[in-house]
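**Student:** To start, I am sharing the structure in question, which I have written as structure tokens.
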Amino acid sequence: MSRTYLDEKNKTNTITRKTTYIPLDNVILEDDKVYNTNLKYYNKFSEAMSKIGDINNHQQALLQKFLLDFSFKANNSYYSMNADSVLPNFNISKDVDDAIVITWANSNYRIFVNIEKNTEDSFYGAITRNEFGETHSSSGTFNEDNCDLLTTKIIDYLTQKN
Amino acid sequence: MEKLIYPNEFWRGISSKDFILEGRVLPDAFQFDDCGRTDGFKELSINWNDDDNALDVLLSQRKSNGKLQFSAGVTQLKLSDVKQNLLAYILRNEFAYERRKIEGNDYHGNLLISEKLPKKLRSLVSNSLALIADTNIIPPKEDFI
């Protein structure tokens, strides 16, 4: 079992093109500024993923979709809120079943996405705590069809709570 | 039959710094054993905080190579918080806890989760425990070996 830990101190403002996981040259964006900012969160994902090791093609395909979708929407959040640090750090690890687990952690939530070896078994979940200390949990399946909705929901939640 | 008495706090060892993100405990620190027991539960080891020695015993635990078992420290949770947050699982007999002394550690016990519970729900339980623990981390003793 291998795990990675992203240190916020290692975050750089210089964004370099990466060809890991996705043919980014094929992604058409409006200008360089958009292109660069867009890559900020993606590169953090990519950096974490490079430490994870091998995953199967189905996992990789679903992960790519999630990462790109998330990164594009993160880009919009950066612009609308004018703050690069509005989205919190995250952890990517591989669990005992070789599932890729992405986790966001704060004093009031733990949000996670599991991309299982059999991607049809993939899921997401959230434990949230309100100002009265009451917790609420939710979970569901994660697949290509609900990837767009899920990334939107996660980013909306993260940007509201940070 | 003697009724077991539980203190309101227990400790969970953190074996890797990878289980902590920016000072917060991750669900990776609360992964139940792969294999289930004959009673259908999977275990997660804890130390009941019966007295001040319970923490020392946990922090002093070493692996066979002499290194500290819990190199990232330990985290403390309140049983009342766990019961409040996981009440639905407890009522359905999907989550429980126990005392189970082991050699050299009278404080040892387990959190228990039903092996029948789908992985998605087991992950929610692990994440709940991580949220309860959050930043409540005691650093490890210095390792002189």
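Residues are referred to by chain and number: the chain letter is A, B, ... according to the order shown in the structure tokens, the number counts from 1 in that chain, and ligands are numbered separately from 1 in the order shown.
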Could you list, as a ChimeraX atom specification, every residue within 8 Å of region 93-110 of chain A, counting only C-alpha atoms and ignoring same-chain residues fewer than 6 positions away?

**Tutor:** /A:1-4,52,55,116-117,126-130 /B:21,24,26,127-128,130-131,134-135

**Student:** Which chain B residues have any atom within 12 Å of an atom of chain A, and for each, what is the nearest pair of atoms with distance in Å to one decimal, counting only C-alpha atoms, rows sorted by chain and number, as JSON lines?

**Tutor:**
{"residue": "B:Ser16", "atom": "CA", "partner": "A:Arg3", "partner_atom": "CA", "distance": 9.7}
{"residue": "B:Lys17", "atom": "CA", "partner": "A:Tyr5", "partner_atom": "CA", "distance": 8.4}
{"residue": "B:Asp18", "atom": "CA", "partner": "A:Tyr5", "partner_atom": "CA", "distance": 5.7}
{"residue": "B:Phe19", "atom": "CA", "partner": "A:Tyr5", "partner_atom": "CA", "distance": 8.3}
{"residue": "B:Ile20", "atom": "CA", "partner": "A:Tyr5", "partner_atom": "CA", "distance": 8.2}
{"residue": "B:Leu21", "atom": "CA", "partner": "A:Asn91", "partner_atom": "CA", "distance": 6.9}
{"residue": "B:Glu22", "atom": "CA", "partner": "A:Asp7", "partner_atom": "CA", "distance": 7.7}
{"residue": "B:Gly23", "atom": "CA", "partner": "A:Asn106", "partner_atom": "CA", "distance": 9.7}
{"residue": "B:Arg24", "atom": "CA", "partner": "A:Ala105", "partner_atom": "CA", "distance": 6.9}
{"residue": "B:Val25", "atom": "CA", "partner": "A:Ala105", "partner_atom": "CA", "distance": 8.1}
{"residue": "B:Leu26", "atom": "CA", "partner": "A:Ala105", "partner_atom": "CA", "distance": 7.2}
{"residue": "B:Pro27", "atom": "CA", "partner": "A:Arg110", "partner_atom": "CA", "distance": 8.4}
{"residue": "B:Asp28", "atom": "CA", "partner": "A:Asp95", "partner_atom": "CA", "distance": 8.2}
{"residue": "B:Ala29", "atom": "CA", "partner": "A:Asp95", "partner_atom": "CA", "distance": 11.4}
{"residue": "B:Phe30", "atom": "CA", "partner": "A:Asp95", "partner_atom": "CA", "distance": 11.8}
{"residue": "B:Gln31", "atom": "CA", "partner": "A:Asp95", "partner_atom": "CA", "distance": 9.1}
{"residue": "B:Phe32", "atom": "CA", "partner": "A:Val96", "partner_atom": "CA", "distance": 10.5}
{"residue": "B:Asp33", "atom": "CA", "partner": "A:Val96", "partner_atom": "CA", "distance": 9.9}
{"residue": "B:Asp34", "atom": "CA", "partner": "A:Val96", "partner_atom": "CA", "distance": 8.1}
{"residue": "B:Cys35", "atom": "CA", "partner": "A:Val96", "partner_atom": "CA", "distance": 11.6}
{"residue": "B:Asp81", "atom": "CA", "partner": "A:Gly133", "partner_atom": "CA", "distance": 10.0}
{"residue": "B:Val82", "atom": "CA", "partner": "A:Thr135", "partner_atom": "CA", "distance": 11.2}
{"residue": "B:Gln84", "atom": "CA", "partner": "A:Glu134", "partner_atom": "CA", "distance": 9.2}
{"residue": "B:Asn85", "atom": "CA", "partner": "A:Thr135", "partner_atom": "CA", "distance": 6.8}
{"residue": "B:Leu86", "atom": "CA", "partner": "A:Thr135", "partner_atom": "CA", "distance": 9.8}
{"residue": "B:Leu87", "atom": "CA", "partner": "A:Thr135", "partner_atom": "CA", "distance": 11.5}
{"residue": "B:Ala88", "atom": "CA", "partner": "A:Ser137", "partner_atom": "CA", "distance": 11.5}
{"residue": "B:Pro118", "atom": "CA", "partner": "A:Asp121", "partner_atom": "CA", "distance": 10.4}
{"residue": "B:Lys119", "atom": "CA", "partner": "A:Phe123", "partner_atom": "CA", "distance": 9.2}
{"residue": "B:Lys120", "atom": "CA", "partner": "A:Phe123", "partner_atom": "CA", "distance": 6.6}
{"residue": "B:Leu121", "atom": "CA", "partner": "A:Ser139", "partner_atom": "CA", "distance": 8.0}
{"residue": "B:Arg122", "atom": "CA", "partner": "A:Gly125", "partner_atom": "CA", "distance": 10.6}
{"residue": "B:Ser123", "atom": "CA", "partner": "A:Gly125", "partner_atom": "CA", "distance": 7.9}
{"residue": "B:Leu124", "atom": "CA", "partner": "A:Gly125", "partner_atom": "CA", "distance": 6.6}
{"residue": "B:Val125", "atom": "CA", "partner": "A:Ile127", "partner_atom": "CA", "distance": 9.1}
{"residue": "B:Ser126", "atom": "CA", "partner": "A:Arg110", "partner_atom": "CA", "distance": 9.9}
{"residue": "B:Asn127", "atom": "CA", "partner": "A:Arg110", "partner_atom": "CA", "distance": 6.1}
{"residue": "B:Ser128", "atom": "CA", "partner": "A:Ile127", "partner_atom": "CA", "distance": 6.3}
{"residue": "B:Leu129", "atom": "CA", "partner": "A:Ile127", "partner_atom": "CA", "distance": 9.9}
{"residue": "B:Ala130", "atom": "CA", "partner": "A:Arg110", "partner_atom": "CA", "distance": 7.8}
{"residue": "B:Leu131", "atom": "CA", "partner": "A:Arg110", "partner_atom": "CA", "distance": 6.4}
{"residue": "B:Ile132", "atom": "CA", "partner": "A:Ser107", "partner_atom": "CA", "distance": 8.9}
{"residue": "B:Ala133", "atom": "CA", "partner": "A:Ser107", "partner_atom": "CA", "distance": 9.5}
{"residue": "B:Asp134", "atom": "CA", "partner": "A:Ser107", "partner_atom": "CA", "distance": 6.3}
{"residue": "B:Thr135", "atom": "CA", "partner": "A:Ser107", "partner_atom": "CA", "distance": 7.9}
{"residue": "B:Asn136", "atom": "CA", "partner": "A:Ser107", "partner_atom": "CA", "distance": 10.8}

**Student:** Looking only at the backbone, which of the residues in region 22-76 of chain B does DSSP tag as strand (DSSP E or B), as a list in words?

**Tutor:** Arg24, Val25, Phe41, Lys42, Glu43, Leu44, Ser45, Ile46, Asn47, Trp48, Arg62, Leu68, Val74, Thr75 and Gln76 of chain B

**Student:** Take the selection from the previous step and output its residues with all heavy atoms, as a short mmCIF file (atom, residue, chain, number, x, y, z; two decimals), in the first residue's frame.

**Tutor:**
data_model
loop_
_atom_site.label_atom_id
_atom_site.label_comp_id
_atom_site.auth_asym_id
_atom_site.auth_seq_id
_atom_site.Cartn_x
_atom_site.Cartn_y
_atom_site.Cartn_z
N ARG B 24 -4.55 17.42 10.42
CA ARG B 24 -5.86 16.77 10.62
C ARG B 24 -5.75 15.28 10.33
O ARG B 24 -5.10 14.87 9.36
CB ARG B 24 -6.92 17.38 9.71
CG ARG B 24 -7.13 18.86 9.97
CD ARG B 24 -8.28 19.43 9.20
NE ARG B 24 -8.31 20.87 9.34
CZ ARG B 24 -8.72 21.51 10.43
NH1 ARG B 24 -9.16 20.84 11.47
NH2 ARG B 24 -8.69 22.83 10.49
N VAL B 25 -6.42 14.50 11.16
CA VAL B 25 -6.37 13.04 10.99
C VAL B 25 -7.21 12.64 9.77
O VAL B 25 -8.33 13.12 9.59
CB VAL B 25 -6.92 12.33 12.24
CG1 VAL B 25 -6.84 10.82 12.06
CG2 VAL B 25 -6.14 12.75 13.48
N PHE B 41 -17.33 -9.50 12.63
CA PHE B 41 -16.85 -8.12 12.78
C PHE B 41 -15.39 -8.00 12.35
O PHE B 41 -14.60 -8.94 12.49
CB PHE B 41 -16.97 -7.66 14.24
CG PHE B 41 -18.37 -7.24 14.63
CD1 PHE B 41 -19.15 -8.08 15.41
CD2 PHE B 41 -18.89 -6.03 14.21
CE1 PHE B 41 -20.44 -7.70 15.78
CE2 PHE B 41 -20.17 -5.64 14.57
CZ PHE B 41 -20.96 -6.48 15.35
N LYS B 42 -15.05 -6.83 11.85
CA LYS B 42 -13.66 -6.47 11.58
C LYS B 42 -13.19 -5.57 12.71
O LYS B 42 -13.97 -4.75 13.22
CB LYS B 42 -13.55 -5.70 10.26
CG LYS B 42 -13.82 -6.51 9.00
CD LYS B 42 -13.98 -5.58 7.80
CE LYS B 42 -14.22 -6.35 6.52
NZ LYS B 42 -13.00 -6.66 5.80
N GLU B 43 -11.91 -5.68 13.08
CA GLU B 43 -11.38 -4.96 14.24
C GLU B 43 -10.59 -3.72 13.87
O GLU B 43 -9.98 -3.66 12.80
CB GLU B 43 -10.45 -5.87 15.04
CG GLU B 43 -11.10 -7.08 15.65
CD GLU B 43 -10.08 -7.94 16.40
OE1 GLU B 43 -8.86 -7.74 16.18
OE2 GLU B 43 -10.50 -8.79 17.19
N LEU B 44 -10.58 -2.77 14.78
CA LEU B 44 -9.67 -1.63 14.72
C LEU B 44 -9.18 -1.41 16.16
O LEU B 44 -9.97 -1.13 17.06
CB LEU B 44 -10.40 -0.39 14.19
CG LEU B 44 -9.56 0.87 13.96
CD1 LEU B 44 -10.04 1.59 12.70
CD2 LEU B 44 -9.62 1.82 15.13
N SER B 45 -7.89 -1.57 16.37
CA SER B 45 -7.34 -1.54 17.73
C SER B 45 -7.37 -0.14 18.35
O SER B 45 -7.09 0.86 17.68
CB SER B 45 -5.87 -2.00 17.71
OG SER B 45 -5.80 -3.38 17.59
N ILE B 46 -7.69 -0.12 19.63
CA ILE B 46 -7.66 1.13 20.40
C ILE B 46 -7.12 0.83 21.80
O ILE B 46 -6.99 -0.35 22.17
CB ILE B 46 -9.06 1.77 20.53
CG1 ILE B 46 -10.05 0.79 21.19
CG2 ILE B 46 -9.58 2.23 19.17
CD1 ILE B 46 -11.36 1.42 21.62
N ASN B 47 -6.82 1.86 22.56
CA ASN B 47 -6.51 1.72 23.98
C ASN B 47 -7.54 2.51 24.78
O ASN B 47 -7.71 3.72 24.53
CB ASN B 47 -5.11 2.26 24.30
CG ASN B 47 -4.09 1.15 24.45
OD1 ASN B 47 -4.26 0.08 23.89
ND2 ASN B 47 -3.02 1.42 25.18
N TRP B 48 -8.24 1.85 25.69
CA TRP B 48 -9.18 2.56 26.55
C TRP B 48 -8.40 3.40 27.56
O TRP B 48 -7.44 2.92 28.17
CB TRP B 48 -10.10 1.57 27.27
CG TRP B 48 -11.03 0.89 26.32
CD1 TRP B 48 -10.95 -0.40 25.89
CD2 TRP B 48 -12.16 1.47 25.66
NE1 TRP B 48 -11.97 -0.67 24.99
CE2 TRP B 48 -12.73 0.46 24.84
CE3 TRP B 48 -12.73 2.73 25.67
CZ2 TRP B 48 -13.85 0.70 24.05
CZ3 TRP B 48 -13.86 2.96 24.88
CH2 TRP B 48 -14.40 1.94 24.09
N ARG B 62 6.37 -0.77 20.36
CA ARG B 62 7.39 -0.84 19.31
C ARG B 62 7.15 -2.00 18.37
O ARG B 62 6.58 -3.01 18.75
CB ARG B 62 8.79 -0.96 19.94
CG ARG B 62 9.20 0.32 20.63
CD ARG B 62 10.62 0.29 21.17
NE ARG B 62 10.89 1.54 21.87
CZ ARG B 62 11.30 2.65 21.26
NH1 ARG B 62 11.53 2.65 19.96
NH2 ARG B 62 11.51 3.75 21.94
N LEU B 68 9.34 2.79 16.80
CA LEU B 68 8.04 3.08 17.39
C LEU B 68 6.91 2.61 16.47
O LEU B 68 6.94 2.84 15.26
CB LEU B 68 7.89 4.59 17.63
CG LEU B 68 8.60 5.18 18.85
CD1 LEU B 68 8.42 6.69 18.88
CD2 LEU B 68 8.09 4.56 20.15
N VAL B 74 -0.51 9.61 18.42
CA VAL B 74 -1.80 8.97 18.71
C VAL B 74 -2.88 10.05 18.73
O VAL B 74 -2.60 11.23 18.92
CB VAL B 74 -1.80 8.21 20.05
CG1 VAL B 74 -0.77 7.10 20.06
CG2 VAL B 74 -1.56 9.17 21.21
N THR B 75 -4.11 9.62 18.53
CA THR B 75 -5.21 10.57 18.58
C THR B 75 -6.22 10.10 19.63
O THR B 75 -6.38 8.89 19.85
CB THR B 75 -5.88 10.74 17.20
OG1 THR B 75 -6.91 11.72 17.28
CG2 THR B 75 -6.47 9.44 16.68
N GLN B 76 -6.85 11.07 20.27
CA GLN B 76 -7.83 10.73 21.31
C GLN B 76 -9.24 11.02 20.81
O GLN B 76 -9.48 12.06 20.19
CB GLN B 76 -7.57 11.55 22.57
CG GLN B 76 -8.42 11.09 23.75
CD GLN B 76 -8.35 12.05 24.94
OE1 GLN B 76 -8.56 13.24 24.80
NE2 GLN B 76 -8.02 11.51 26.09
#

**Student:** Using CA of Ser80 (chain B) and CA of His108 (chain B) as the two end points, give the distance in Å to one decimal.

**Tutor:**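 Taking CA of Ser80 (chain B) as the start and CA of His108 (chain B) as the end point, the length is 18.4 Å.
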
**Student:** Within 9 Å of Asn8 (chain B), counting only C-alpha atoms, which residues show up once you throw out same-chain ones fewer than 4 positions away? Write them as a compact mmCIF listing (two decimals) with N, CA and C atoms, in the first residue's frame, please.

**Tutor:**
# COMPACT_ATOMS: atom_id res chain seq x y z
N TRP B 48 -8.24 1.85 25.69
CA TRP B 48 -9.18 2.56 26.55
C TRP B 48 -8.40 3.40 27.56
N ASN B 49 -8.83 4.62 27.77
CA ASN B 49 -8.11 5.55 28.62
C ASN B 49 -8.53 5.37 30.09
N ASP B 50 -8.21 4.20 30.64
CA ASP B 50 -8.59 3.89 32.02
C ASP B 50 -7.82 4.73 33.03
N LEU B 77 -10.15 10.11 21.09
CA LEU B 77 -11.56 10.31 20.74
C LEU B 77 -12.42 10.12 21.98
N LYS B 78 -13.54 10.81 21.99
CA LYS B 78 -14.51 10.62 23.08
C LYS B 78 -15.53 9.57 22.64
N LEU B 79 -15.76 8.62 23.51
CA LEU B 79 -16.73 7.56 23.20
C LEU B 79 -18.13 8.16 23.00
N SER B 80 -18.45 9.19 23.78
CA SER B 80 -19.78 9.80 23.64
C SER B 80 -19.96 10.40 22.24

**Student:** Which distance in Å separates CA of Gln60 (chain A) and CA of Phe45 (chain A), to one decimal?

**Tutor:**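 Between CA of Gln60 (chain A) and CA of Phe45 (chain A) the gap works out to 12.7 Å.
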
**Student:** DSSP on the backbone: what in chain B comes out alpha helix (DSSP H), as a PyMOL selection string?

**Tutor:** chain B and resi 53-59+79-85+87-91+119-133
